[in-house]
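Here's the structure, in structure tokens; my notes come after.
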Amino acid sequence: MEGRGDGEWGGGASLTERRGGRGRGGSAGALGSPRRTAAMEQAPPDPERQLQPAPLEPLGRSDAGLGVAVDEEAEGAREEGSGGDTMTHNNFWLKKIEISVSEAEKRTGRNAMNMQETYTAYLIETRSVEHTDGQSVLTDSLWRRYSEFELLRNYLLVYYPHIVVPPLPEKRAEFVWHKLSADNMDPDFVERRRIGLENFLLRIASHPILCRDKIFYLFLTQEGNWKETVNETGFQLKADSRLKALNATFRVKNPDKRFTDLKHYSDELQSVISHLLRVRARVADRLYGVYKVHGNYGRVFSEWSAIEKEMGDGLQSAGHHMDVYASSIDDILEDEEHYADQLKEYLFYAEALRAVCRKHELMQYDLEIAAQDLASKKQQCEELATGTVRTFSLKGMTTKLFGQETPEQREARIKVLEEQINEGEQQLKSKNLEGREFVKNAWADIERFKEQKNRDLKEALISYAVMQISMCKKGIQVWTNAKECFSKM
Amino acid sequence: MAGGPPKALPSTGPHSLRDMPHPLAGSSSEEAVGGDSTPSPDLLMARSFGDKDLILPNGGTPAGTSSPASSSSLLNRLQLDDDIDGETRDLFVVVDDPKKHVCTMETYITYRITTKSTRVEFDLPEYSVRRRYQDFDWLRSKLEESQPTHLIPPLPEKFVVKGVVDRFSEEFVETRRKALDKFLKRITDHPVLSFNEYFNIFLTAKDLNIYKKQGIALLTRMGESVKHVTGGYKLRTRPLEFAAIGDYLDTFALKLGTIDRIAQRIIKEEIEYLVELREYGPVYSTWSTLEGELAEPLEGVSACIGNCSTALEELTDDMTEDFLPVLREYILYSDSMKSVLKKRDQVQAEYEAKLEAVALRKEDRPKVPADVEKCQDRMECFNADLKADMERWQNNKRQDFRQLLMGMADKNIQYYEKCLMAWESIIPLLQEKQEAKFPVTAVLS
């Protein structure tokens with residue numbers, strides 16, 4: 001099924017359209033500023049926040065729970081591939097749903113080793129939107145912690161190896177610049193992670209295939225027992241071992257060139273985005289320094305104005321503008337963190353791309369080994385039948401050493417081999433089919449991903465440019481005001 | 001000080017007029033006061049001595065001045081004239097055209113000094129000479145010697161301490177040229193200093209070395225007088241107004257020092273920011289080589305960041321060349337002003353000590369001996385000159401800082417405008433093809 005009709009991409013398209021009005025543009029994840037600003041408004045403004053230890057009170061609530069409407073018509077792609085546990089009932093899909101990760105809360109509990117630990121729990125709310133009046137009704141609400149998100153993702157990776165599975169926000173704060181805390185409990189980090197987790201869920205919900213997964217549905221609706229349910233699927237056992245995958249990567253002879261190229265691309269993408277994020281963090285650090293030092297002008301101008309007669313007023317008021325300038329950097333850099341998060345998402349997506357390539361390599365390698373095996377068995381069979389020994393075999397050696405085998409024995413062996421060959425041929429056929437299915441499906445998703453990536457990153461660049469423009473305009477305003485004050489000196 | 005024969009009024013003008021025939025000043029003492037040129041105060045004083053046509057009556061106290069000495073009131077009037085005649089100038093000096101001279105022993109820079117004047121002190125209407133920093137230094141010390149009661153403008157620093165600065169780099173030479181130009185202009189604008197003979201020589205002499213070598217003493221009477229003030233006397237209390245000036249200068253220098261440090265720190269942070277930007281931009285370029293549809297947008301962002309980097313570099317260069325040096329000049333200025341204040345203190349101290357000595361002698365006739373009178377005159381003259389100069393200095397300082405700070409604001413505005421333009425220009429590039437590629441799908445409902 002090639003189905004590239006609108007239906008297949010319906011989820012994505014309608015998602016974007018619905019989001020357009022929210023000022024976030026494209027399907028650039030739930031990383032826009034409006035909601036974030038709303039959330040931050042709840043937190044008390046505290047410029048020294050970064051110097052204090054993380055507060056131990058519950059974090060602010062976001063009230064603008066933006067979600068995604070998942071269109072039930074996005075059913076074109078029913079290809080399940082290796083098929084996870086998909087929806088058997090359609091009730092879920094009759095209505096549009098909105099998902100939001102609206103709160104984050106500190107919890108303490110006992111872990112597997114019965115030790116006291118502190119962790120953050122996130123509130124996931126699902127709303128269904130009635131067709132008729134557009135009102136949304138809260139249908140489900142539950143708390144999940146990061147490790148459960150991880151579990152969900154690992155499950156999806158195993159059951160949908162042909163899909164570029166959306167990545168999770170980073171587990172630990174990386175690419176920090178000095179102001180940002182690397183502490184997982186830091187409210188800023190938790191807030192950004194909340195947004196990242198919501199984005200993760202929205203991406204899955206807008207994916208034409210992943211959105212149908214039952215485990216995903218249960219993740220949103222079944223608080224207790226979900227972990228057991230996931231584990232019952234036995235997905236961990238189905239997972240390919242890392243070692244096997246590594247082996248395959250080295251030894252595969254004929255992978256599809258497109259996947260090889262894609263792997264190189266994802267390696268380079270990962271490298272370049274890492275570099276970009278590292279330098280950006282340093283740039284942010286330096287910029288912060290520049291702005292903050294200007295704050296010193298405020299104080300000294302004030303002190304100086306005290307000994308001046310005519311110059312005093314101008315100096316004093318100019319000093320005030322310098323203070324404004326210095327404090328403006330905090331908001332500017334906070335906004336820039338969104339941009340960094342958008343880049344990070346694609347940094348992690350590179351890993352997801354590589355996972356698909358690895359799966360292909362593994363399947364291809366498997367196929368090659370099976371083919372090789374079959375070929376050698378056929379050869380053996382032939383040799384036994386004709387009596388010529390061209391290939392080395394242990395049996396052959398022992399026969400030479402310890403004497404020939406009887407014709408009956410030889411017949412038996414040939415029979416066994418013929419059976420094995422038959423079986424092998426069947427297996428090879430199915431493996432081949434599997435492989436081709438995989439390549440087709442995977443490539444389809446990769447194309448979908450490429451379009452998404454191009455859209456999202458363009459939006460990210462635009463919003464970055466808009467941020468820079470805003471920063472420049474603010475700068476011009478402040479310095480023009482200061483100049484006016486100086487002119488009155 | 002009433003009664004008695006007219007005493008010799010303290011004179012701040014060149015001593016030479018009366019005692020030493022001077023090649024340049026030769027004719028001026030014969031000329032009548034009047035005409036276009038503002039007569040030099042020394043001339044007026046020389047003439048007022050014993051002359052019936054006084055501009056101001058002896059001992060008269062013009063409103064607003066506390067000092068009884070007519071010289072001060074004269075100076076005040078001249079200052080007034082200075083302000084009124086602000087537009088009509090008769091002396092213009094420009095420093096430009098730096099040139100490098102390579103000699104066997106040394107390499108140095110000379111600057112062209114062009115003078116245009118209708119003043120009688122100048123034989124020709126126009127002069128053009130070449131001078132090097134040493135010559136400016138000579139001029140300044142001569143001015144300090146000969147006009148000790150006045151505030152002499154500062155010179156840019158002689159040696160460059162910080163880092164390895166190329167003395168012959170374009171930026172350094174230009175910064176210095178501007179400072180030297182300012183130095184001469186400040187002297188030009190000063191009603192007393194601009195008539196100083198050393199200044200005249202500096203502007204006109206073909207070969208300054210002759211004058212330097214000969215060590216011509218063109219010391220003014222005041223200069224001589226102050227030179228001989230012994231430093232042994234300690235002033236008990238500074239008069240309130242001078243104490244206020246002293247305090248002001250202390251705080252002023254302190255604040256300027258802080259501003260200098262802040263400005264330097266800002267430049268340092270900006271340079272470090274620039275270093276990171278220069279690495280940041282190219283990474284987008286590298287990324288664009290991996291991409292297809294995103295290649296142009298990424299390349300655009302890279303170029304944009306490059307433009308911002310260039311704009312930032314221009315800002316830091318401007319601040320280093322135009323802002324910091326002026327701050328430093330004013331710090332030097334206030335330092336030298338404090339020395340003048342101290343000298344004034346010495347003069348007052350000597351006077352008070354001598355006065356006390358006289359009082360203790362308990363003579364029948366309370367006649368004040370001549371040398372004590374001389375001390376008093378010296379002190380009063382000093383006070384008057386200093387006060388007048390302080391007022392002038394305050395005014396100029398206000399204008400200079402107004403201009404300096406507005407300039408700083410301007411440069412920052414220009415920097416942001418350049419960056420704004422760069423980012424605004426790539427928005428269309430980034431938005432391009434969005435509509436074309438993006439399919440408008442009907443919402444399936």
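We name chains A, B, ... following the order of the structure tokens; residues begin at 1 in each chain, and ligands are numbered from 1 as shown.
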
Exercise for the section: Extract, using only C-alpha atoms, all DNA, RNA and protein residues at most 10 Å from region 420-434 of chain B, discarding same-chain residues fewer than 4 positions from it, and format them as a PyMOL selection string. Expected result: (chain A and resi 454-455+458-473+475-476) or (chain B and resi 293-294+296-298+300-301+303-308+414-416+438-439)

Could you write out the selected residues, including N, CA and C atoms, as a compact mmCIF listing (two decimals), in the first residue's frame?
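The result, stored in part_0.txt:
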# COMPACT_ATOMS: atom_id res chain seq x y z
N ASN A 454 11.90 19.71 7.51
CA ASN A 454 12.13 20.95 6.76
C ASN A 454 11.18 22.05 7.20
N ARG A 455 9.92 21.67 7.39
CA ARG A 455 8.94 22.65 7.85
C ARG A 455 9.31 23.21 9.21
N LYS A 458 12.55 25.30 9.35
CA LYS A 458 12.36 26.61 8.75
C LYS A 458 11.63 27.53 9.71
N GLU A 459 10.58 26.97 10.32
CA GLU A 459 9.84 27.76 11.30
C GLU A 459 10.74 28.18 12.44
N ALA A 460 11.58 27.25 12.88
CA ALA A 460 12.49 27.56 13.98
C ALA A 460 13.43 28.70 13.60
N LEU A 461 13.95 28.64 12.38
CA LEU A 461 14.86 29.69 11.94
C LEU A 461 14.14 31.02 11.84
N ILE A 462 12.92 30.97 11.33
CA ILE A 462 12.15 32.21 11.24
C ILE A 462 11.92 32.80 12.63
N SER A 463 11.52 31.93 13.55
CA SER A 463 11.24 32.47 14.89
C SER A 463 12.52 32.98 15.54
N TYR A 464 13.65 32.35 15.21
CA TYR A 464 14.93 32.83 15.72
C TYR A 464 15.23 34.21 15.17
N ALA A 465 15.02 34.37 13.87
CA ALA A 465 15.25 35.67 13.25
C ALA A 465 14.33 36.72 13.87
N VAL A 466 13.09 36.32 14.11
CA VAL A 466 12.14 37.26 14.73
C VAL A 466 12.62 37.66 16.12
N MET A 467 13.17 36.70 16.85
CA MET A 467 13.70 37.01 18.18
C MET A 467 14.84 38.02 18.08
N GLN A 468 15.71 37.79 17.10
CA GLN A 468 16.85 38.70 16.94
C GLN A 468 16.36 40.09 16.57
N ILE A 469 15.36 40.14 15.70
CA ILE A 469 14.82 41.45 15.30
C ILE A 469 14.26 42.17 16.51
N SER A 470 13.53 41.41 17.32
CA SER A 470 12.95 42.02 18.52
C SER A 470 14.03 42.55 19.45
N MET A 471 15.11 41.77 19.59
CA MET A 471 16.22 42.19 20.44
C MET A 471 16.85 43.47 19.90
N CYS A 472 17.03 43.54 18.58
CA CYS A 472 17.62 44.74 17.99
C CYS A 472 16.73 45.95 18.22
N LYS A 473 15.44 45.75 18.04
CA LYS A 473 14.52 46.89 18.20
C LYS A 473 14.54 47.38 19.64
N GLY A 475 17.02 47.14 21.66
CA GLY A 475 18.30 47.81 21.84
C GLY A 475 18.25 49.24 21.32
N ILE A 476 17.68 49.39 20.11
CA ILE A 476 17.59 50.71 19.52
C ILE A 476 16.75 51.63 20.42
N GLU B 293 16.53 21.37 0.98
CA GLU B 293 15.64 22.51 1.02
C GLU B 293 16.10 23.55 2.04
N LEU B 294 16.74 23.09 3.09
CA LEU B 294 17.14 24.00 4.15
C LEU B 294 18.47 24.71 3.87
N GLU B 296 19.58 26.91 1.64
CA GLU B 296 19.58 28.37 1.49
C GLU B 296 19.25 29.10 2.78
N PRO B 297 18.18 28.70 3.47
CA PRO B 297 17.89 29.38 4.74
C PRO B 297 19.06 29.34 5.72
N LEU B 298 19.69 28.17 5.83
CA LEU B 298 20.79 28.05 6.78
C LEU B 298 21.96 28.93 6.38
N GLY B 300 21.74 31.58 4.69
CA GLY B 300 21.30 32.95 4.96
C GLY B 300 21.54 33.35 6.40
N VAL B 301 21.21 32.45 7.31
CA VAL B 301 21.42 32.74 8.74
C VAL B 301 22.90 32.91 9.01
N ALA B 303 25.25 33.96 6.98
CA ALA B 303 25.69 35.25 6.46
C ALA B 303 25.22 36.38 7.37
N CYS B 304 24.01 36.24 7.86
CA CYS B 304 23.44 37.25 8.75
C CYS B 304 24.29 37.42 10.00
N ILE B 305 24.61 36.27 10.61
CA ILE B 305 25.43 36.33 11.82
C ILE B 305 26.78 36.96 11.50
N GLY B 306 27.30 36.66 10.31
CA GLY B 306 28.56 37.27 9.89
C GLY B 306 28.46 38.78 9.85
N ASN B 307 27.35 39.28 9.30
CA ASN B 307 27.16 40.73 9.24
C ASN B 307 27.08 41.35 10.63
N CYS B 308 26.39 40.66 11.53
CA CYS B 308 26.28 41.17 12.90
C CYS B 308 27.65 41.20 13.56
N GLN B 414 23.60 52.56 16.04
CA GLN B 414 24.02 52.16 14.71
C GLN B 414 24.29 50.66 14.64
N TYR B 415 24.90 50.14 15.69
CA TYR B 415 25.19 48.70 15.73
C TYR B 415 23.90 47.90 15.62
N TYR B 416 22.91 48.28 16.43
CA TYR B 416 21.65 47.54 16.40
C TYR B 416 20.91 47.73 15.09
N PHE B 438 4.08 23.89 0.71
CA PHE B 438 3.15 23.48 1.75
C PHE B 438 1.77 23.28 1.13
N PRO B 439 1.33 22.07 1.10
CA PRO B 439 0.04 21.82 0.42
C PRO B 439 -1.11 22.32 1.27

Practice task
Do a neighbour search on Leu180 (chain B) at 7 Å with only C-alpha atoms, toss out local chain neighbours closer than 4 positions, and write the hits as a ChimeraX atom specification.
Solution key: /B:95,155,176,184

Practice task
Point out the residue among B:Ser169, B:Thr188, B:Gln147, B:Thr237 with the least atom-to-atom distance to Gln346 (chain B), counting only C-alpha atoms.
Solution key: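 Closest to Gln346 (chain B) of all the choices is B:Thr237.
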
Practice task
Excluding Asn209 (chain B) and residues on its chain fewer than 2 positions from it, collect all residues at most 12 Å away from it, counting only C-alpha atoms, and give them as a PyMOL selection string.
Solution key: chain B and resi 130-132+134-135+138-139+201-202+205-207+211-216

Handout entry: Residues near region 274-290 of chain A, cut-off 8 Å, only C-alpha atoms, skip fewer than 4 positions along chain, as a PyMOL selection string
Key = (chain A and resi 175-179+270+294+329-330+333+340+343-344+347) or (chain B and resi 266+269-270+272-273+276-277+279-280+283-284)

Exercise for the section: Tell me which protein, DNA and RNA residues are within 12 Å of Ser141 (chain A), counting only C-alpha atoms, leaving out same-chain ones fewer than 3 positions away, and put them as a list in words. Expected result: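 Residues near the query, excluding close chain neighbours: Glu98, Ile99, Ser100, Val101, Ser102, Glu103, Tyr122, Leu123, Ile124, Glu125, Thr126, Arg127, Ser128, Val137, Leu138, Arg144, Leu218, Phe219, Leu220, Thr221, Gln222, Glu223 and Gly224 of chain A.
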
Practice task
Quote the spacing between CA of Asn254 (chain A) and CA of Tyr365 (chain A) in Å to one decimal place.
Solution key: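 Straight-line distance from CA of Asn254 (chain A) to CA of Tyr365 (chain A) works out to 8.2 Å.
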
Practice task
List the neighbours of Ala245 (chain A) out to 10 Å using only C-alpha atoms; skip same-chain residues closer than 5 positions along the sequence, and give me the result as JSON, numbers by chain.
Solution key: {"A": [240, 250, 251, 355, 358, 359, 360, 361, 362, 363, 365]}

Exercise for the section: Extract, using only C-alpha atoms, all DNA, RNA and protein residues at most 7 Å from Asp385 (chain B), discarding same-chain residues fewer than 4 positions from it, and format them as a VMD selection string. Expected result: chain B and resid 149 to 150 381 389

Problem - Distance in Å - CA of Leu341 (chain B) versus CA of Gln403 (chain B) - result: 27.3 Å

Exercise for the section: Would you mind reading off the distance between CA of Ala326 (chain A) and CA of Lys292 (chain A), one decimal, in Å? Expected result: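 Answer for the CA of Ala326 (chain A) to CA of Lys292 (chain A) separation: 4.7 Å.
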
Handout entry: DSSP strand (DSSP E) residues within region 86-268 of chain A, listed as an MDAnalysis selection string
Key = chainID A and resid 96:110 116:129 136:145

What would the file look like if the residues just selected were written as a compact mmCIF listing (two decimals), in the first residue's frame with C-alpha atoms?
# COMPACT_ATOMS: atom_id res chain seq x y z
CA LYS A 96 -11.06 14.85 18.14
CA ILE A 97 -8.76 14.80 21.07
CA GLU A 98 -6.49 17.31 22.70
CA ILE A 99 -3.53 16.31 24.77
CA SER A 100 -1.60 18.48 27.15
CA VAL A 101 1.01 18.03 29.79
CA SER A 102 -0.26 20.76 31.97
CA GLU A 103 1.50 20.48 35.28
CA ALA A 104 4.65 19.27 36.88
CA GLU A 105 4.90 18.32 40.51
CA LYS A 106 7.59 17.19 42.83
CA ARG A 107 6.94 13.84 44.44
CA THR A 108 8.72 11.61 46.81
CA GLY A 109 8.31 7.91 46.82
CA ARG A 110 10.06 4.63 47.14
CA GLN A 116 13.46 7.20 49.24
CA GLU A 117 13.69 9.27 46.12
CA THR A 118 12.46 12.56 44.74
CA TYR A 119 11.11 12.79 41.25
CA THR A 120 8.88 14.98 39.17
CA ALA A 121 5.48 13.84 38.01
CA TYR A 122 3.68 15.32 35.05
CA LEU A 123 -0.05 15.72 34.66
CA ILE A 124 -1.38 14.56 31.33
CA GLU A 125 -4.81 15.75 30.40
CA THR A 126 -6.78 14.50 27.48
CA ARG A 127 -9.75 16.37 26.19
CA SER A 128 -12.17 15.34 23.56
CA VAL A 129 -13.58 18.05 21.40
CA SER A 136 -13.60 20.37 24.93
CA VAL A 137 -14.37 18.01 27.70
CA LEU A 138 -11.79 16.57 29.97
CA THR A 139 -11.91 12.85 29.46
CA ASP A 140 -8.76 11.66 31.13
CA SER A 141 -6.24 12.99 33.52
CA LEU A 142 -3.34 11.17 35.06
CA TRP A 143 0.17 11.61 36.35
CA ARG A 144 3.24 10.11 34.77
CA ARG A 145 6.89 10.39 35.46
